[in-house]
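Listing of target-v1.tsv, TSV, C-alpha atoms
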chain	number	residue	atom	x	y	z
A	275	MET	CA	45.23	17.85	-103.70
A	276	LYS	CA	42.58	15.98	-105.64
A	277	ARG	CA	40.11	13.74	-103.91
A	278	TYR	CA	38.31	10.73	-105.32
A	279	ARG	CA	35.23	12.81	-106.08
A	280	ASP	CA	37.32	15.27	-108.12
A	281	ILE	CA	38.43	12.59	-110.56
A	282	ALA	CA	36.31	12.29	-113.71
A	283	GLY	CA	35.66	8.62	-114.34
A	284	ASP	CA	36.93	5.65	-112.39
A	285	GLY	CA	37.14	2.99	-115.05
A	286	GLY	CA	34.08	1.30	-113.62
A	287	SER	CA	35.82	0.53	-110.33
A	288	ASP	CA	33.40	2.58	-108.20
A	289	ILE	CA	36.27	3.48	-105.89
A	290	VAL	CA	34.21	6.11	-104.10
A	291	GLY	CA	31.49	3.60	-103.37
A	292	GLN	CA	34.02	1.02	-102.17
A	293	VAL	CA	35.71	3.44	-99.78
A	294	GLY	CA	32.36	4.64	-98.48
A	295	ALA	CA	31.17	1.08	-97.92
A	296	GLN	CA	34.37	0.20	-96.08
A	297	GLN	CA	34.05	3.25	-93.82
A	298	ALA	CA	30.46	2.29	-93.11
A	299	ARG	CA	31.54	-1.24	-92.14
A	300	LEU	CA	34.28	0.14	-89.92
A	301	GLY	CA	31.86	2.44	-88.16
A	302	ALA	CA	29.36	-0.40	-87.67
A	303	ARG	CA	32.04	-2.69	-86.20
A	304	LEU	CA	33.28	-0.10	-83.74
A	305	ARG	CA	29.78	0.86	-82.60
A	306	GLU	CA	29.71	-2.54	-80.91
A	307	VAL	CA	32.89	-1.76	-78.95
A	308	ARG	CA	32.56	0.18	-75.71
A	309	ALA	CA	36.18	1.42	-75.66
A	310	VAL	CA	39.05	1.38	-78.17
A	311	VAL	CA	42.47	2.04	-76.63
A	312	ALA	CA	45.84	2.41	-78.37
A	313	VAL	CA	48.97	1.18	-76.57
A	314	VAL	CA	51.99	3.17	-77.75
A	315	SER	CA	55.66	3.87	-77.14
A	316	GLY	CA	58.07	5.83	-79.25
A	317	LYS	CA	60.85	3.45	-78.15
A	318	GLY	CA	61.13	-0.17	-79.24
A	319	GLY	CA	62.19	-2.86	-76.80
A	320	VAL	CA	60.17	-1.60	-73.84
A	321	GLY	CA	57.86	-4.63	-73.68
A	322	LYS	CA	54.84	-2.77	-75.03
A	323	SER	CA	53.32	-5.85	-76.65
A	324	SER	CA	53.66	-7.97	-73.51
A	325	ILE	CA	51.99	-5.16	-71.56
A	326	THR	CA	49.17	-5.14	-74.13
A	327	ALA	CA	48.70	-8.91	-73.92
A	328	ASN	CA	48.59	-8.84	-70.13
A	329	LEU	CA	46.23	-5.87	-69.93
A	330	ALA	CA	43.94	-7.80	-72.28
A	331	GLY	CA	44.29	-10.84	-70.06
A	332	ALA	CA	43.55	-8.89	-66.88
A	333	PHE	CA	40.42	-7.36	-68.41
A	334	ALA	CA	39.28	-10.80	-69.62
A	335	LEU	CA	39.85	-12.35	-66.19
A	336	ALA	CA	37.63	-9.62	-64.74
A	337	GLY	CA	34.82	-10.65	-67.09
A	338	ALA	CA	35.28	-8.17	-69.95
A	339	ARG	CA	34.92	-9.11	-73.61
A	340	VAL	CA	38.27	-8.20	-75.15
A	341	GLY	CA	39.83	-8.01	-78.60
A	342	VAL	CA	43.38	-7.13	-79.65
A	343	LEU	CA	44.44	-5.68	-82.99
A	344	ASP	CA	48.16	-6.06	-83.72
A	345	ALA	CA	48.94	-2.88	-85.65
A	346	ASP	CA	52.62	-3.76	-85.97
A	347	LEU	CA	52.45	-5.09	-89.51
A	348	ASN	CA	56.18	-5.65	-89.95
A	349	GLY	CA	56.92	-7.14	-86.52
A	350	PRO	CA	53.67	-8.73	-85.35
A	351	SER	CA	53.80	-10.58	-82.03
A	352	MET	CA	50.31	-10.64	-80.54
A	353	ALA	CA	49.31	-13.91	-82.25
A	354	THR	CA	52.19	-15.64	-80.45
A	355	MET	CA	51.64	-13.90	-77.12
A	356	LEU	CA	47.93	-14.77	-77.04
A	357	GLY	CA	48.27	-18.29	-78.38
A	358	VAL	CA	46.69	-18.09	-81.84
A	359	ARG	CA	49.76	-18.22	-84.09
A	360	GLY	CA	49.31	-20.71	-86.92
A	361	ARG	CA	45.51	-20.67	-86.72
A	362	THR	CA	43.60	-20.66	-90.01
A	363	LEU	CA	41.40	-17.61	-90.36
A	364	ALA	CA	37.72	-18.38	-90.88
A	365	VAL	CA	35.89	-16.15	-93.34
A	366	SER	CA	32.10	-15.87	-93.20
A	367	ALA	CA	29.59	-13.74	-95.04
A	368	GLY	CA	30.00	-11.14	-92.31
A	369	GLY	CA	33.78	-10.90	-92.53
A	370	VAL	CA	36.89	-12.46	-91.00
A	371	GLU	CA	36.44	-14.21	-87.66
A	372	PRO	CA	39.23	-13.25	-85.22
A	373	PRO	CA	40.59	-16.43	-83.62
A	374	ALA	CA	40.00	-16.63	-79.89
A	375	GLY	CA	43.22	-16.94	-77.98
A	376	ALA	CA	44.05	-17.15	-74.31
A	377	LEU	CA	41.06	-16.38	-72.06
A	378	GLY	CA	38.82	-16.02	-75.14
A	379	ILE	CA	40.55	-12.86	-76.37
A	380	GLY	CA	39.91	-12.23	-80.07
A	381	VAL	CA	43.09	-11.48	-82.03
A	382	MET	CA	43.75	-10.06	-85.50
A	383	SER	CA	47.34	-9.80	-86.69
A	384	MET	CA	49.29	-9.71	-89.93
A	385	ASP	CA	51.12	-12.74	-88.52
A	386	LEU	CA	47.97	-14.77	-89.26
A	387	LEU	CA	48.23	-13.87	-92.96
A	388	LEU	CA	51.94	-14.48	-93.55
A	389	ALA	CA	53.25	-17.91	-94.51
A	390	GLY	CA	56.17	-19.01	-92.37
A	391	ASP	CA	58.59	-17.39	-89.96
A	392	ALA	CA	60.83	-15.95	-92.68
A	393	THR	CA	58.10	-14.31	-94.76
A	394	PRO	CA	58.60	-10.52	-94.72
A	395	LEU	CA	55.94	-7.92	-95.35
A	396	THR	CA	56.99	-5.85	-98.35
A	397	TRP	CA	55.47	-2.88	-100.15
A	398	ASP	CA	56.10	-2.45	-103.87
A	399	ALA	CA	56.17	1.29	-104.54
A	400	PRO	CA	55.97	2.73	-108.08
A	401	SER	CA	59.51	4.05	-107.50
A	402	GLN	CA	62.12	3.95	-104.74
A	403	ALA	CA	61.67	7.67	-104.13
A	404	GLU	CA	58.01	7.02	-103.27
A	405	ALA	CA	58.63	3.99	-101.07
A	406	HIS	CA	58.23	5.74	-97.71
A	407	THR	CA	54.96	7.48	-98.66
A	408	TRP	CA	53.65	4.35	-100.32
A	409	ARG	CA	54.46	2.23	-97.26
A	410	GLY	CA	52.63	4.60	-94.93
A	411	THR	CA	49.58	4.66	-97.19
A	412	MET	CA	49.47	0.89	-97.52
A	413	GLU	CA	49.89	0.39	-93.77
A	414	ALA	CA	46.94	2.70	-93.13
A	415	ASN	CA	44.87	0.82	-95.72
A	416	ALA	CA	45.76	-2.53	-94.14
A	417	LEU	CA	44.74	-1.34	-90.67
A	418	ARG	CA	41.51	0.07	-92.06
A	419	GLU	CA	40.72	-3.33	-93.55
A	420	PHE	CA	41.53	-5.10	-90.28
A	421	LEU	CA	39.15	-2.82	-88.41
A	422	ALA	CA	36.40	-2.90	-91.02
A	423	ASP	CA	36.48	-6.54	-92.11
A	424	THR	CA	37.07	-8.31	-88.79
A	425	THR	CA	33.87	-9.48	-87.08
A	426	TRP	CA	34.87	-8.28	-83.64
A	427	GLY	CA	31.31	-8.54	-82.32
A	428	PRO	CA	30.25	-6.86	-79.09
A	429	LEU	CA	33.36	-5.99	-77.05
A	430	ASP	CA	33.98	-4.09	-73.86
A	431	LEU	CA	37.53	-3.28	-74.93
A	432	LEU	CA	39.54	-3.36	-78.15
A	433	LEU	CA	43.27	-2.83	-77.56
A	434	ILE	CA	45.40	-1.70	-80.52
A	435	ASP	CA	49.07	-2.56	-80.15
A	436	LEU	CA	50.96	0.07	-82.17
A	437	PRO	CA	54.53	-0.37	-83.48
A	438	PRO	CA	57.32	1.90	-82.18
A	439	GLY	CA	57.33	5.44	-83.51
A	440	THR	CA	55.48	8.65	-82.83
A	441	ASP	CA	53.75	8.83	-86.23
A	442	ARG	CA	51.58	5.71	-85.94
A	443	LEU	CA	49.16	7.26	-83.45
A	444	ALA	CA	48.02	9.82	-86.04
A	445	THR	CA	47.10	6.95	-88.37
A	446	ILE	CA	44.93	5.29	-85.73
A	447	THR	CA	43.20	8.47	-84.61
A	448	GLY	CA	42.38	9.10	-88.26
A	449	LEU	CA	40.81	5.65	-88.56
A	450	VAL	CA	39.14	5.61	-85.13
A	451	PRO	CA	37.79	9.09	-84.33
A	452	ALA	CA	36.12	7.72	-81.18
A	453	LEU	CA	39.37	6.40	-79.69
A	454	ALA	CA	38.86	6.24	-75.93
A	455	GLY	CA	42.49	7.06	-75.20
A	456	THR	CA	46.13	6.04	-75.32
A	457	VAL	CA	48.32	4.14	-72.88
A	458	ILE	CA	52.05	4.90	-73.08
A	459	VAL	CA	54.68	2.34	-72.10
A	460	THR	CA	58.26	3.14	-71.11
A	461	ILE	CA	61.15	1.67	-69.15
A	462	PRO	CA	63.32	3.38	-66.51
A	463	SER	CA	66.18	4.42	-68.77
A	464	ASP	CA	67.30	7.86	-69.92
A	465	VAL	CA	67.06	6.92	-73.62
A	466	SER	CA	63.54	5.58	-73.25
A	467	ARG	CA	62.36	8.62	-71.30
A	468	LEU	CA	63.83	10.94	-73.94
A	469	ILE	CA	61.94	9.24	-76.77
A	470	VAL	CA	58.76	8.48	-74.85
A	471	ARG	CA	58.48	12.13	-73.82
A	472	LYS	CA	58.01	12.90	-77.52
A	473	SER	CA	55.31	10.24	-77.71
A	474	ILE	CA	53.49	11.88	-74.82
A	475	THR	CA	53.64	15.24	-76.62
A	476	VAL	CA	52.17	13.68	-79.76
A	477	ALA	CA	49.51	11.80	-77.80
A	478	ARG	CA	48.44	14.92	-75.91
A	479	ALA	CA	47.87	16.67	-79.24
A	480	ALA	CA	45.62	13.85	-80.44
A	481	PRO	CA	41.83	14.01	-80.04
A	482	ALA	CA	41.87	11.09	-77.58
A	483	PRO	CA	43.04	11.58	-73.97
A	484	VAL	CA	46.25	10.12	-72.58
A	485	LEU	CA	45.02	7.54	-70.09
A	486	GLY	CA	48.41	7.25	-68.47
A	487	VAL	CA	52.01	6.05	-68.47
A	488	ILE	CA	53.14	2.54	-67.49
A	489	GLU	CA	56.70	1.90	-66.38
A	490	ASN	CA	57.74	-1.58	-67.48
A	491	MET	CA	60.84	-3.52	-66.29
A	492	ALA	CA	61.02	-1.47	-63.09
A	493	GLY	CA	64.23	-2.15	-61.19
A	494	ALA	CA	66.13	-3.44	-64.23
A	495	PHE	CA	67.88	-0.14	-64.95
A	496	PRO	CA	69.45	2.55	-62.76
A	497	GLY	CA	68.02	6.04	-62.66
A	498	PRO	CA	64.67	7.68	-61.94
A	499	GLY	CA	61.46	5.97	-62.94
A	500	ALA	CA	58.60	7.13	-65.09
A	501	GLU	CA	56.48	8.68	-62.36
A	502	GLY	CA	58.40	11.95	-62.64
A	503	LEU	CA	58.03	11.87	-66.42
A	504	ALA	CA	54.26	11.53	-66.08
A	505	LEU	CA	54.14	14.31	-63.48
A	506	ASP	CA	56.19	16.68	-65.64
A	507	SER	CA	54.01	15.87	-68.66
A	508	GLU	CA	50.79	16.31	-66.62
A	509	VAL	CA	49.43	12.87	-67.50
A	510	PRO	CA	48.40	10.08	-65.10
A	511	PHE	CA	50.95	7.56	-63.87
A	512	LEU	CA	49.28	4.15	-64.00
A	513	GLY	CA	51.96	2.18	-62.20
A	514	ARG	CA	55.20	0.24	-62.53
A	515	VAL	CA	55.66	-3.40	-63.50
A	516	PRO	CA	58.69	-5.06	-61.84
A	517	PHE	CA	61.23	-6.68	-64.12
A	518	ASP	CA	60.50	-10.41	-64.32
A	519	PRO	CA	61.99	-12.73	-66.99
A	520	ALA	CA	59.09	-15.13	-66.42
A	521	LEU	CA	56.74	-12.55	-67.94
A	522	ALA	CA	58.52	-12.84	-71.30
A	523	ALA	CA	58.59	-16.63	-71.00
A	524	ALA	CA	54.82	-16.68	-70.52
A	525	ALA	CA	54.41	-14.53	-73.64
A	526	ASP	CA	56.45	-17.06	-75.62
A	527	ARG	CA	54.07	-19.79	-74.44
A	528	GLY	CA	51.02	-17.80	-75.52
A	529	THR	CA	49.57	-17.26	-72.05
A	530	PRO	CA	49.23	-13.88	-70.28
A	531	TYR	CA	51.35	-13.79	-67.13
A	532	VAL	CA	48.39	-12.45	-65.17
A	533	ALA	CA	46.64	-15.78	-65.82
A	534	CYS	CA	49.43	-18.30	-65.24
A	535	SER	CA	51.18	-16.57	-62.30
A	536	PRO	CA	48.59	-14.22	-60.80
A	537	GLU	CA	50.40	-13.89	-57.46
A	538	ALA	CA	53.74	-12.81	-58.93
A	539	PRO	CA	54.59	-9.14	-58.24
A	540	ALA	CA	54.61	-8.26	-61.95
A	541	ALA	CA	51.23	-9.94	-62.51
A	542	ARG	CA	49.71	-8.18	-59.49
A	543	ALA	CA	51.01	-4.84	-60.77
A	544	LEU	CA	49.49	-5.45	-64.21
A	545	THR	CA	46.17	-6.43	-62.67
A	546	THR	CA	46.12	-3.26	-60.57
A	547	ILE	CA	46.89	-1.13	-63.64
A	548	ALA	CA	44.08	-2.85	-65.54
A	549	GLU	CA	41.67	-2.15	-62.68
A	550	ARG	CA	42.56	1.55	-62.82
A	551	LEU	CA	41.98	1.62	-66.56
A	552	ARG	CA	38.71	-0.29	-66.24
A	553	GLU	CA	37.34	2.27	-63.81
A	554	VAL	CA	38.07	5.04	-66.29
A	555	LEU	CA	36.92	3.23	-69.43
A	556	LEU	CA	34.08	0.98	-68.29
A	557	GLY	CA	33.05	2.19	-64.88
A	558	ALA	CA	31.84	-0.66	-62.68
A	559	ARG	CA	33.16	-4.14	-63.31
A	560	PRO	CA	31.39	-5.60	-66.40
Rewrite the coordinates I just gave you, this time as structure tokens.
Amino acid sequence: MKRYRDIAGDGGSDIVGQVGAQQARLGARLREVRAVVAVVSGKGGVGKSSITANLAGAFALAGARVGVLDADLNGPSMATMLGVRGRTLAVSAGGVEPPAGALGIGVMSMDLLLAGDATPLTWDAPSQAEAHTWRGTMEANALREFLADTTWGPLDLLLIDLPPGTDRLATITGLVPALAGTVIVTIPSDVSRLIVRKSITVARAAPAPVLGVIENMAGAFPGPGAEGLALDSEVPFLGRVPFDPALAAAADRGTPYVACSPEAPAARALTTIAERLREVLLGARP
């Protein structure tokens, strides 16, 4: 496989210099972040994004400086859940300013770049046979630009909300070698456990540690919960979040449930999980 440096001539584009400069910017941005954490689940529909938004909210309520990168380019939701959808991005000499959403959480999402609800994200491959490879490459490039060109500033925590699938974690670990760890979200159903078990296997093979498993929508489905799954996989069990329709309603309004209904059982569970993560990632309360 040829690399950029193996190609004689670049038509004056200086592609090697551009890539090197972008990597340097990415490294400089992330040096200001104490911990970068990926939130993953091999199964869609488990409420992973709402868990991400509420973990961000719980950290912010505890005084942490928090940012969220929505890595789901085709189904972005974090802009809505954190109240910044429709905002105009401000571009300065230093890069793109992430709009501050609920509780001052900085958010970057493809949703902020698309015009209208019905605008899809499409990749034009040189041929249909190359579409899958081309899409993966372009997604990685887009995430690299989000990380490198967003002026995150000094943060205690940057949460990356990954789309469903076990392959996306490899992309992020390639872009963020200093990833502090992964959080895996599941629900108490046999199908979810089957797929999420594969995600745990992939995450354990990654350079970053598995920080733990969260069981969302506890009590909504029959069968054993995720604590046994975590025990069998030899990863921490962070806790279970009771099923609560109001949690989804709060996400639709753009406010983390932990902020608008802090005494609700689901909100208390999320706050406790965030406290456990904070002890591991940041030590004493910031």
Q | Nearby residues, (61.3, 1.1, -83.5) file frame, 12 Å, only C-alpha atoms, as a PyMOL selection string | A | chain A and resi 314-322+346+348-349+436-442+466+469-470
Q. Which is closer to Thr354 (chain A) than all the others in A:Gln296, A:Thr475, A:Thr424, A:Ser324, using only C-alpha atoms?
A.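 Ranking A:Gln296, A:Thr475, A:Thr424, A:Ser324 by distance to Thr354 (chain A), first place goes to A:Ser324.
You will find CA of Leu388 (chain A) at 18.3 Å from CA of Ala374 (chain A).
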(Q) Neighbouring residues of Ile379 (chain A) were defined as those with any atom within 12 Å, considering all atoms listed in the file; residues of the same chain fewer than 3 positions away were excluded. Please report them as a PyMOL selection string. (A) chain A and resi 326-335+337-343+352-353+355-358+372-376+382+426-427+429-433+528-530
Q. Of the candidates A:Leu485, A:Leu544, A:Ile458, A:Leu387, which one gets nearest to Thr362 (chain A) if we count only C-alpha atoms?
A. A:Leu387
Complete region 504-536 of chain A at the level of N, CA and C atoms, written as an mmCIF file, in the coordinates of the input.
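Contents of out_35.cif, as written:
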data_model
loop_
_atom_site.group_PDB
_atom_site.id
_atom_site.type_symbol
_atom_site.label_atom_id
_atom_site.label_comp_id
_atom_site.auth_asym_id
_atom_site.auth_seq_id
_atom_site.Cartn_x
_atom_site.Cartn_y
_atom_site.Cartn_z
ATOM 1 N N ALA A 504 55.707 11.317 -65.985
ATOM 2 C CA ALA A 504 54.260 11.530 -66.080
ATOM 3 C C ALA A 504 53.855 12.824 -65.389
ATOM 4 N N LEU A 505 54.461 13.089 -64.226
ATOM 5 C CA LEU A 505 54.140 14.310 -63.480
ATOM 6 C C LEU A 505 54.526 15.547 -64.285
ATOM 7 N N ASP A 506 55.734 15.533 -64.846
ATOM 8 C CA ASP A 506 56.190 16.680 -65.640
ATOM 9 C C ASP A 506 55.319 16.888 -66.876
ATOM 10 N N SER A 507 54.815 15.789 -67.439
ATOM 11 C CA SER A 507 54.010 15.870 -68.660
ATOM 12 C C SER A 507 52.530 16.084 -68.363
ATOM 13 N N GLU A 508 52.171 16.084 -67.072
ATOM 14 C CA GLU A 508 50.790 16.310 -66.620
ATOM 15 C C GLU A 508 49.840 15.253 -67.192
ATOM 16 N N VAL A 509 50.287 13.997 -67.131
ATOM 17 C CA VAL A 509 49.430 12.870 -67.500
ATOM 18 C C VAL A 509 49.455 11.879 -66.345
ATOM 19 N N PRO A 510 48.433 11.028 -66.215
ATOM 20 C CA PRO A 510 48.400 10.080 -65.100
ATOM 21 C C PRO A 510 49.544 9.068 -65.144
ATOM 22 N N PHE A 511 49.996 8.664 -63.972
ATOM 23 C CA PHE A 511 50.950 7.560 -63.870
ATOM 24 C C PHE A 511 50.169 6.342 -63.416
ATOM 25 N N LEU A 512 50.122 5.307 -64.267
ATOM 26 C CA LEU A 512 49.280 4.150 -64.000
ATOM 27 C C LEU A 512 49.953 3.122 -63.084
ATOM 28 N N GLY A 513 51.276 3.114 -63.070
ATOM 29 C CA GLY A 513 51.960 2.180 -62.200
ATOM 30 C C GLY A 513 53.203 1.608 -62.849
ATOM 31 N N ARG A 514 53.970 0.860 -62.047
ATOM 32 C CA ARG A 514 55.200 0.240 -62.530
ATOM 33 C C ARG A 514 55.105 -1.264 -62.430
ATOM 34 N N VAL A 515 55.661 -1.933 -63.438
ATOM 35 C CA VAL A 515 55.660 -3.400 -63.500
ATOM 36 C C VAL A 515 57.090 -3.872 -63.238
ATOM 37 N N PRO A 516 57.326 -4.609 -62.153
ATOM 38 C CA PRO A 516 58.690 -5.060 -61.840
ATOM 39 C C PRO A 516 59.266 -5.941 -62.944
ATOM 40 N N PHE A 517 60.565 -5.835 -63.136
ATOM 41 C CA PHE A 517 61.230 -6.680 -64.120
ATOM 42 C C PHE A 517 61.128 -8.140 -63.694
ATOM 43 N N ASP A 518 60.678 -8.996 -64.627
ATOM 44 C CA ASP A 518 60.500 -10.410 -64.320
ATOM 45 C C ASP A 518 60.679 -11.202 -65.615
ATOM 46 N N PRO A 519 61.778 -11.954 -65.766
ATOM 47 C CA PRO A 519 61.990 -12.730 -66.990
ATOM 48 C C PRO A 519 60.870 -13.725 -67.271
ATOM 49 N N ALA A 520 60.170 -14.159 -66.231
ATOM 50 C CA ALA A 520 59.090 -15.130 -66.420
ATOM 51 C C ALA A 520 57.934 -14.526 -67.206
ATOM 52 N N LEU A 521 57.806 -13.205 -67.181
ATOM 53 C CA LEU A 521 56.740 -12.550 -67.940
ATOM 54 C C LEU A 521 56.955 -12.771 -69.437
ATOM 55 N N ALA A 522 58.203 -12.606 -69.891
ATOM 56 C CA ALA A 522 58.520 -12.840 -71.300
ATOM 57 C C ALA A 522 58.366 -14.308 -71.660
ATOM 58 N N ALA A 523 58.727 -15.196 -70.738
ATOM 59 C CA ALA A 523 58.590 -16.630 -71.000
ATOM 60 C C ALA A 523 57.129 -17.017 -71.174
ATOM 61 N N ALA A 524 56.241 -16.410 -70.375
ATOM 62 C CA ALA A 524 54.820 -16.680 -70.520
ATOM 63 C C ALA A 524 54.299 -16.203 -71.866
ATOM 64 N N ALA A 525 54.801 -15.052 -72.329
ATOM 65 C CA ALA A 525 54.410 -14.530 -73.640
ATOM 66 C C ALA A 525 54.812 -15.497 -74.752
ATOM 67 N N ASP A 526 55.997 -16.085 -74.625
ATOM 68 C CA ASP A 526 56.450 -17.060 -75.620
ATOM 69 C C ASP A 526 55.543 -18.289 -75.648
ATOM 70 N N ARG A 527 54.959 -18.625 -74.512
ATOM 71 C CA ARG A 527 54.070 -19.790 -74.440
ATOM 72 C C ARG A 527 52.657 -19.460 -74.892
ATOM 73 N N GLY A 528 52.351 -18.178 -75.066
ATOM 74 C CA GLY A 528 51.020 -17.800 -75.520
ATOM 75 C C GLY A 528 50.002 -17.648 -74.413
ATOM 76 N N THR A 529 50.473 -17.402 -73.186
ATOM 77 C CA THR A 529 49.570 -17.260 -72.050
ATOM 78 C C THR A 529 49.910 -15.982 -71.289
ATOM 79 N N PRO A 530 48.935 -15.089 -71.064
ATOM 80 C CA PRO A 530 49.230 -13.880 -70.280
ATOM 81 C C PRO A 530 49.741 -14.250 -68.882
ATOM 82 N N TYR A 531 50.754 -13.538 -68.434
ATOM 83 C CA TYR A 531 51.350 -13.790 -67.130
ATOM 84 C C TYR A 531 50.341 -13.613 -66.012
ATOM 85 N N VAL A 532 49.400 -12.704 -66.203
ATOM 86 C CA VAL A 532 48.390 -12.450 -65.170
ATOM 87 C C VAL A 532 47.502 -13.671 -64.945
ATOM 88 N N ALA A 533 47.465 -14.574 -65.940
ATOM 89 C CA ALA A 533 46.640 -15.780 -65.820
ATOM 90 C C ALA A 533 47.422 -16.950 -65.242
ATOM 91 N N CYS A 534 48.687 -17.111 -65.668
ATOM 92 C CA CYS A 534 49.430 -18.300 -65.240
ATOM 93 C C CYS A 534 50.177 -18.090 -63.924
ATOM 94 N N SER A 535 50.482 -16.846 -63.566
ATOM 95 C CA SER A 535 51.180 -16.570 -62.300
ATOM 96 C C SER A 535 50.570 -15.347 -61.638
ATOM 97 N N PRO A 536 49.292 -15.418 -61.274
ATOM 98 C CA PRO A 536 48.590 -14.220 -60.800
ATOM 99 C C PRO A 536 49.147 -13.615 -59.516
#
